[in-house]
>>> print(open('final07.cif').read())   # mmCIF, C-alpha atoms and all ligand atoms
data_protein
#
loop_
_atom_site.group_PDB
_atom_site.id
_atom_site.type_symbol
_atom_site.label_atom_id
_atom_site.label_comp_id
_atom_site.auth_asym_id
_atom_site.auth_seq_id
_atom_site.Cartn_x
_atom_site.Cartn_y
_atom_site.Cartn_z
ATOM 1 C CA MET A 1 -81.545 -13.724 107.402
ATOM 2 C CA ARG A 2 -82.407 -14.300 103.757
ATOM 3 C CA ILE A 3 -82.074 -11.864 100.886
ATOM 4 C CA THR A 4 -83.687 -12.684 97.537
ATOM 5 C CA ARG A 5 -83.151 -10.495 94.503
ATOM 6 C CA THR A 6 -86.562 -9.727 92.972
ATOM 7 C CA ALA A 7 -85.895 -6.635 90.847
ATOM 8 C CA ASN A 8 -83.197 -4.609 89.126
ATOM 9 C CA ALA A 9 -82.128 -3.020 92.386
ATOM 10 C CA GLY A 10 -84.559 -4.642 94.783
ATOM 11 C CA ILE A 11 -84.822 -7.470 97.251
ATOM 12 C CA LEU A 12 -87.127 -9.402 99.498
ATOM 13 C CA LEU A 13 -85.501 -9.353 102.937
ATOM 14 C CA GLN A 14 -86.637 -12.014 105.406
ATOM 15 C CA MET A 15 -85.496 -11.538 108.976
ATOM 16 C CA ASP A 16 -86.999 -12.560 112.326
ATOM 17 C CA ASN A 17 -90.076 -13.962 110.529
ATOM 18 C CA ILE A 18 -90.833 -10.594 108.911
ATOM 19 C CA SER A 19 -90.686 -10.045 105.143
ATOM 20 C CA ILE A 20 -89.743 -6.676 103.719
ATOM 21 C CA LEU A 21 -89.823 -5.846 100.021
ATOM 22 C CA LEU A 22 -87.357 -3.058 99.159
ATOM 23 C CA ASP A 23 -87.482 -1.550 95.637
ATOM 24 C CA GLY A 24 -88.567 -5.106 94.979
ATOM 25 C CA VAL A 25 -90.849 -4.798 91.932
ATOM 26 C CA CYS A 26 -89.896 -2.825 88.844
ATOM 27 C CA GLY A 27 -90.409 -2.609 85.092
ATOM 28 C CA GLN A 28 -87.626 -2.789 82.557
ATOM 29 C CA ILE A 29 -85.452 0.236 81.823
ATOM 30 C CA PRO A 30 -82.687 -1.064 79.530
ATOM 31 C CA PRO A 31 -79.947 -1.997 80.162
ATOM 32 C CA TYR A 32 -81.436 -2.992 83.534
ATOM 33 C CA CYS A 33 -83.735 -5.915 84.160
ATOM 34 C CA SER A 34 -87.319 -6.056 85.320
ATOM 35 C CA THR A 35 -89.066 -8.234 87.874
ATOM 36 C CA PRO A 36 -89.938 -11.490 86.085
ATOM 37 C CA ASN A 37 -93.640 -12.404 86.023
ATOM 38 C CA ASN A 38 -93.236 -15.465 88.236
ATOM 39 C CA LEU A 39 -91.648 -13.383 91.007
ATOM 40 C CA ARG A 40 -94.209 -10.613 90.588
ATOM 41 C CA ASN A 41 -97.023 -13.161 90.925
ATOM 42 C CA GLU A 42 -95.419 -14.721 93.970
ATOM 43 C CA LEU A 43 -95.109 -11.290 95.639
ATOM 44 C CA THR A 44 -98.770 -10.644 94.887
ATOM 45 C CA VAL A 45 -99.950 -13.975 96.304
ATOM 46 C CA ASN A 46 -97.613 -13.904 99.321
ATOM 47 C CA LEU A 47 -97.799 -10.230 100.216
ATOM 48 C CA PRO A 48 -94.775 -9.032 102.208
ATOM 49 C CA ASP A 49 -95.281 -7.598 105.713
ATOM 50 C CA ILE A 50 -93.686 -4.324 104.618
ATOM 51 C CA VAL A 51 -93.241 -2.793 101.160
ATOM 52 C CA ALA A 52 -90.877 0.145 100.724
ATOM 53 C CA PHE A 53 -89.458 2.135 97.820
ATOM 54 C CA THR A 54 -86.496 4.519 97.862
ATOM 55 C CA HIS A 55 -87.604 6.705 94.945
ATOM 56 C CA TYR A 56 -89.863 6.859 91.930
ATOM 57 C CA HIS A 57 -87.495 5.972 89.094
ATOM 58 C CA LEU A 58 -89.065 3.115 87.195
ATOM 59 C CA ASP A 59 -86.080 0.798 87.602
ATOM 60 C CA HIS A 60 -86.850 0.919 91.365
ATOM 61 C CA TYR A 61 -90.570 1.484 91.616
ATOM 62 C CA ASP A 62 -93.802 -0.007 90.292
ATOM 63 C CA GLU A 63 -96.857 2.142 90.912
ATOM 64 C CA GLN A 64 -99.307 -0.573 89.974
ATOM 65 C CA TYR A 65 -97.846 -2.987 92.510
ATOM 66 C CA ALA A 66 -97.651 -0.297 95.220
ATOM 67 C CA LYS A 67 -101.292 0.714 94.740
ATOM 68 C CA ALA A 68 -102.502 -2.884 94.637
ATOM 69 C CA TYR A 69 -100.551 -3.685 97.820
ATOM 70 C CA GLU A 70 -102.109 -0.758 99.689
ATOM 71 C CA LYS A 71 -105.588 -1.759 98.544
ATOM 72 C CA LEU A 72 -105.185 -5.451 99.370
ATOM 73 C CA THR A 73 -103.573 -4.939 102.790
ATOM 74 C CA SER A 74 -104.865 -1.505 103.922
ATOM 75 C CA ARG A 75 -101.226 -0.846 104.826
ATOM 76 C CA ASN A 76 -99.205 2.075 103.532
ATOM 77 C CA VAL A 77 -96.238 1.535 101.298
ATOM 78 C CA VAL A 78 -93.183 3.305 102.747
ATOM 79 C CA GLN A 79 -91.996 5.762 100.096
ATOM 80 C CA PRO A 80 -90.562 9.277 99.819
ATOM 81 C CA ASN A 81 -93.945 10.960 100.234
ATOM 82 C CA ASN A 82 -94.895 8.740 103.174
ATOM 83 C CA CYS A 83 -91.783 7.833 105.097
ATOM 84 C CA ASP A 84 -92.541 7.397 108.791
ATOM 85 C CA SER A 85 -90.459 4.786 110.554
ATOM 86 C CA LEU A 86 -92.263 1.613 111.561
ATOM 87 C CA LYS A 87 -91.880 -1.533 113.599
ATOM 88 C CA VAL A 88 -93.376 -4.905 112.745
ATOM 89 C CA GLY A 89 -92.611 -7.787 115.095
ATOM 90 C CA ASN A 90 -88.994 -7.337 116.135
ATOM 91 C CA VAL A 91 -88.010 -5.506 112.981
ATOM 92 C CA PHE A 92 -87.607 -1.760 112.898
ATOM 93 C CA VAL A 93 -87.518 0.130 109.586
ATOM 94 C CA GLN A 94 -86.032 3.604 109.722
ATOM 95 C CA PRO A 95 -86.151 5.646 106.494
ATOM 96 C CA PHE A 96 -83.820 8.620 106.153
ATOM 97 C CA LYS A 97 -83.463 11.243 103.471
ATOM 98 C CA SER A 98 -80.548 10.756 101.111
ATOM 99 C CA ARG A 99 -79.373 12.228 97.851
ATOM 100 C CA HIS A 100 -79.777 10.388 94.543
ATOM 101 C CA ILE A 101 -76.480 9.567 92.867
ATOM 102 C CA GLY A 102 -75.621 11.796 89.899
ATOM 103 C CA LYS A 103 -78.541 13.948 88.799
ATOM 104 C CA ASN A 104 -80.455 15.073 91.880
ATOM 105 C CA ASP A 105 -83.867 15.154 90.189
ATOM 106 C CA VAL A 106 -85.984 13.079 92.547
ATOM 107 C CA SER A 107 -86.807 12.732 96.259
ATOM 108 C CA HIS A 108 -84.868 9.820 97.647
ATOM 109 C CA ILE A 109 -84.857 7.921 100.925
ATOM 110 C CA SER A 110 -82.718 5.045 102.171
ATOM 111 C CA PHE A 111 -83.464 2.522 104.897
ATOM 112 C CA ILE A 112 -81.891 1.158 108.039
ATOM 113 C CA ILE A 113 -83.565 -2.151 108.892
ATOM 114 C CA LYS A 114 -82.831 -3.477 112.357
ATOM 115 C CA GLY A 115 -83.762 -6.802 113.874
ATOM 116 C CA SER A 116 -81.338 -9.579 114.761
ATOM 117 C CA TYR A 117 -79.159 -7.993 112.095
ATOM 118 C CA CYS A 118 -78.702 -4.476 110.830
ATOM 119 C CA VAL A 119 -79.182 -3.966 107.087
ATOM 120 C CA TRP A 120 -78.623 -0.748 105.177
ATOM 121 C CA PHE A 121 -80.655 -0.596 101.982
ATOM 122 C CA LEU A 122 -79.452 2.469 100.130
ATOM 123 C CA GLY A 123 -81.320 2.439 96.796
ATOM 124 C CA ASP A 124 -79.595 4.875 94.440
ATOM 125 C CA ALA A 125 -78.171 7.071 97.220
ATOM 126 C CA SER A 126 -74.852 8.754 96.559
ATOM 127 C CA PRO A 127 -72.080 7.087 98.620
ATOM 128 C CA LEU A 128 -70.672 10.431 99.719
ATOM 129 C CA SER A 129 -74.074 11.642 100.910
ATOM 130 C CA ILE A 130 -74.400 8.493 103.036
ATOM 131 C CA LYS A 131 -70.895 8.959 104.412
ATOM 132 C CA SER A 132 -71.906 12.413 105.645
ATOM 133 C CA VAL A 133 -74.862 11.095 107.687
ATOM 134 C CA VAL A 134 -73.828 10.897 111.332
ATOM 135 C CA GLY A 135 -75.036 8.371 113.855
ATOM 136 C CA LEU A 136 -75.950 5.455 111.583
ATOM 137 C CA PRO A 137 -75.524 2.068 113.305
ATOM 138 C CA THR A 138 -72.804 -0.155 111.824
ATOM 139 C CA PRO A 139 -74.406 -2.492 109.271
ATOM 140 C CA ASP A 140 -74.050 -6.257 109.129
ATOM 141 C CA VAL A 141 -75.222 -6.147 105.538
ATOM 142 C CA LEU A 142 -75.027 -3.369 103.004
ATOM 143 C CA VAL A 143 -77.315 -3.530 99.949
ATOM 144 C CA VAL A 144 -76.127 -1.119 97.281
ATOM 145 C CA PRO A 145 -75.928 -0.493 93.516
ATOM 146 C CA TYR A 146 -72.823 -1.334 91.495
ATOM 147 C CA ALA A 147 -71.536 2.246 91.722
ATOM 148 C CA TYR A 148 -70.377 1.358 95.244
ATOM 149 C CA ALA A 149 -67.910 -1.140 93.831
ATOM 150 C CA ASN A 150 -66.924 -0.225 90.287
ATOM 151 C CA THR A 151 -63.811 1.776 91.188
ATOM 152 C CA ASP A 152 -61.177 1.266 93.874
ATOM 153 C CA SER A 153 -62.030 4.591 95.515
ATOM 154 C CA SER A 154 -65.794 3.972 95.632
ATOM 155 C CA PHE A 155 -65.218 0.472 97.004
ATOM 156 C CA LYS A 156 -62.839 1.781 99.658
ATOM 157 C CA LEU A 157 -65.561 4.161 100.814
ATOM 158 C CA THR A 158 -68.113 1.318 100.752
ATOM 159 C CA ARG A 159 -65.840 -0.913 102.819
ATOM 160 C CA SER A 160 -65.399 1.923 105.356
ATOM 161 C CA PHE A 161 -69.056 1.510 106.411
ATOM 162 C CA GLY A 162 -67.953 -1.663 108.190
ATOM 163 C CA ALA A 163 -70.430 -4.222 106.835
ATOM 164 C CA LYS A 164 -69.595 -7.912 106.950
ATOM 165 C CA HIS A 165 -71.562 -8.604 103.762
ATOM 166 C CA ILE A 166 -72.076 -6.389 100.716
ATOM 167 C CA VAL A 167 -74.857 -7.236 98.255
ATOM 168 C CA LEU A 168 -74.479 -5.528 94.882
ATOM 169 C CA LEU A 169 -77.564 -4.791 92.825
ATOM 170 C CA HIS A 170 -78.466 -2.738 89.748
ATOM 171 C CA MET A 171 -76.135 -4.729 87.496
ATOM 172 C CA PRO A 172 -77.090 -4.429 83.814
ATOM 173 C CA LEU A 173 -78.180 -7.403 81.756
ATOM 174 C CA ARG A 174 -74.985 -9.284 80.886
ATOM 175 C CA GLU A 175 -75.790 -9.144 77.169
ATOM 176 C CA ASN A 176 -76.340 -5.377 77.367
ATOM 177 C CA ASP A 177 -73.322 -4.231 79.371
ATOM 178 C CA ALA A 178 -71.951 -1.587 76.978
ATOM 179 C CA TYR A 179 -69.898 0.121 79.687
ATOM 180 C CA GLY A 180 -68.243 -3.067 80.924
ATOM 181 C CA ILE A 181 -69.677 -2.743 84.419
ATOM 182 C CA TYR A 182 -69.321 -6.454 85.219
ATOM 183 C CA ASP A 183 -65.618 -6.312 84.355
ATOM 184 C CA ASP A 184 -65.041 -3.164 86.427
ATOM 185 C CA VAL A 185 -66.824 -4.598 89.453
ATOM 186 C CA LYS A 186 -65.114 -7.971 89.157
ATOM 187 C CA LYS A 187 -61.723 -6.294 89.042
ATOM 188 C CA THR A 188 -62.512 -4.058 92.008
ATOM 189 C CA VAL A 189 -63.931 -6.675 94.375
ATOM 190 C CA GLN A 190 -61.727 -9.646 93.455
ATOM 191 C CA GLY A 191 -60.440 -11.472 96.502
ATOM 192 C CA ASP A 192 -63.133 -9.964 98.752
ATOM 193 C CA SER A 193 -65.271 -12.900 99.878
ATOM 194 C CA GLY A 194 -67.878 -10.650 101.510
ATOM 195 C CA VAL A 195 -69.298 -9.337 98.218
ATOM 196 C CA TYR A 196 -72.294 -10.974 96.534
ATOM 197 C CA ILE A 197 -73.856 -10.265 93.146
ATOM 198 C CA PRO A 198 -77.113 -12.247 93.182
ATOM 199 C CA GLU A 199 -78.804 -13.251 89.957
ATOM 200 C CA MET A 200 -82.473 -12.428 89.537
ATOM 201 C CA GLY A 201 -84.455 -14.715 91.847
ATOM 202 C CA GLU A 202 -81.357 -15.926 93.700
ATOM 203 C CA SER A 203 -81.470 -16.129 97.497
ATOM 204 C CA LEU A 204 -78.560 -15.504 99.858
ATOM 205 C CA ASP A 205 -78.601 -16.823 103.411
ATOM 206 C CA LEU A 206 -76.421 -14.480 105.448
ATOM 207 C CA ASN A 207 -75.499 -14.308 109.101
HETATM 208 ZN ZN ZN B 1 -82.684 6.185 90.317
#
>>> encode(input="final07.cif", output="structure tokens", more="lines below")
Ligand SMILES: [Zn+2]
Amino acid sequence: MRITRTANAGILLQMDNISILLDGVCGQIPPYCSTPNNLRNELTVNLPDIVAFTHYHLDHYDEQYAKAYEKLTSRNVVQPNNCDSLKVGNVFVQPFKSRHIGKNDVSHISFIIKGSYCVWFLGDASPLSIKSVVGLPTPDVLVVPYAYANTDSSFKLTRSFGAKHIVLLHMPLRENDAYGIYDDVKKTVQGDSGVYIPEMGESLDLN
């Protein structure tokens, strides 16, 4: 399984020969980064098998890309207003309603992706709201924003989900990190070899 960071809080997930773009194209909302043009072009030329967005905040969602994808492929983008589960090849994508962290001002869904591995892609879902969902399968990989690992208590909760690997997204630009998020996260996760903070465009091969 390969995970490539393509956006502020988004990835291209490749598993069992299926490619799934999750919150994977976005514009820039400082202090967070946007999808660079080369990656955007690549994702337009090599269209993923599935495109999904957790919510419509612009650091997670790009309307232009979503519309173009639907037009070019005649396939629906999975998003809060169109969130049926689907199966492509051996990969099953199950959206479920979840609450946005902090201000609850937007519809939000998270995803369980199951193939050879089980991935939870949580978007900006509140950790406590996820903890209260019963019956979720144990993840191999958890893909979450930094708020899941910037304090000891949030990281303890994150670790309780039982994932082998934790991929942290939504990190601010290093040169625009006024709240010291990198330092907080580094302190919290130090010594835990299962945590990854991919740079933009970086790929992780996980199993
Ligand atoms: Zn958001």
>>> residues_near_ligand(input="final07.cif", ligand="ligand ZN 1 (chain B)", cutoff="10 Å", atoms="only C-alpha atoms and all ligand atoms", output="JSON, numbers by chain")
{"A": [9, 54, 55, 56, 57, 58, 59, 60, 61, 100, 101, 102, 103, 104, 105, 106, 107, 108, 123, 124, 125, 170]}
>>> closest_residue(input="final07.cif", among="A:Ser132, A:Thr151, A:Thr138, A:Asn41", to="Gln190 (chain A)", atoms="all atoms listed in the file")
A:Thr151
>>> resolve_selection(input="final07.cif", expression="the PyMOL selection byres (((chain A and resi 28-35) around 12) and not hetatm)", output="ChimeraX atom specification")
/A:4-12,23-27,36-43,57-62,65,145-146,169-181,199-201
>>> atom_distance(input="final07.cif", atom1="CA of Asp152 (chain A)", atom2="CA of Trp120 (chain A)")
20.9 Å
>>> atom_distance(input="final07.cif", atom1="CA of Ile130 (chain A)", atom2="CA of Lys164 (chain A)")
17.5 Å
>>> resolve_selection(input="final07.cif", expression="the PyMOL selection byres (((chain A and resi 20) around 6) and not hetatm)", output="number ranges by chain")
A: 12-13, 19, 21, 48-51
>>> atom_distance(input="final07.cif", atom1="CA of Glu202 (chain A)", atom2="CA of Gln14 (chain A)")
13.4 Å
>>> resolve_selection(input="final07.cif", expression="the PyMOL selection byres (((chain A and resi 195) around 7) and not hetatm)", output="list in words")
His165, Ile166, Val167, Asp192, Ser193, Gly194, Tyr196 and Ile197 of chain A
>>> closest_residue(input="final07.cif", among="A:Val77, A:Ile109, A:Cys118, A:Leu204", to="Asp16 (chain A)", atoms="only C-alpha atoms")
A:Cys118
>>> closest_residue(input="final07.cif", among="A:Gly89, A:Gly191, A:Pro127, A:Pro139", to="Ser153 (chain A)", atoms="all atoms listed in the file")
A:Pro127
>>> closest_residue(input="final07.cif", among="A:Tyr69, A:Tyr148, A:Tyr182, A:Phe92", to="Phe111 (chain A)", atoms="all atoms listed in the file")
A:Phe92
>>> closest_residue(input="final07.cif", among="A:Glu70, A:Asp140, A:Asp84, A:Asp205", to="Phe161 (chain A)", atoms="all atoms listed in the file")
A:Asp140
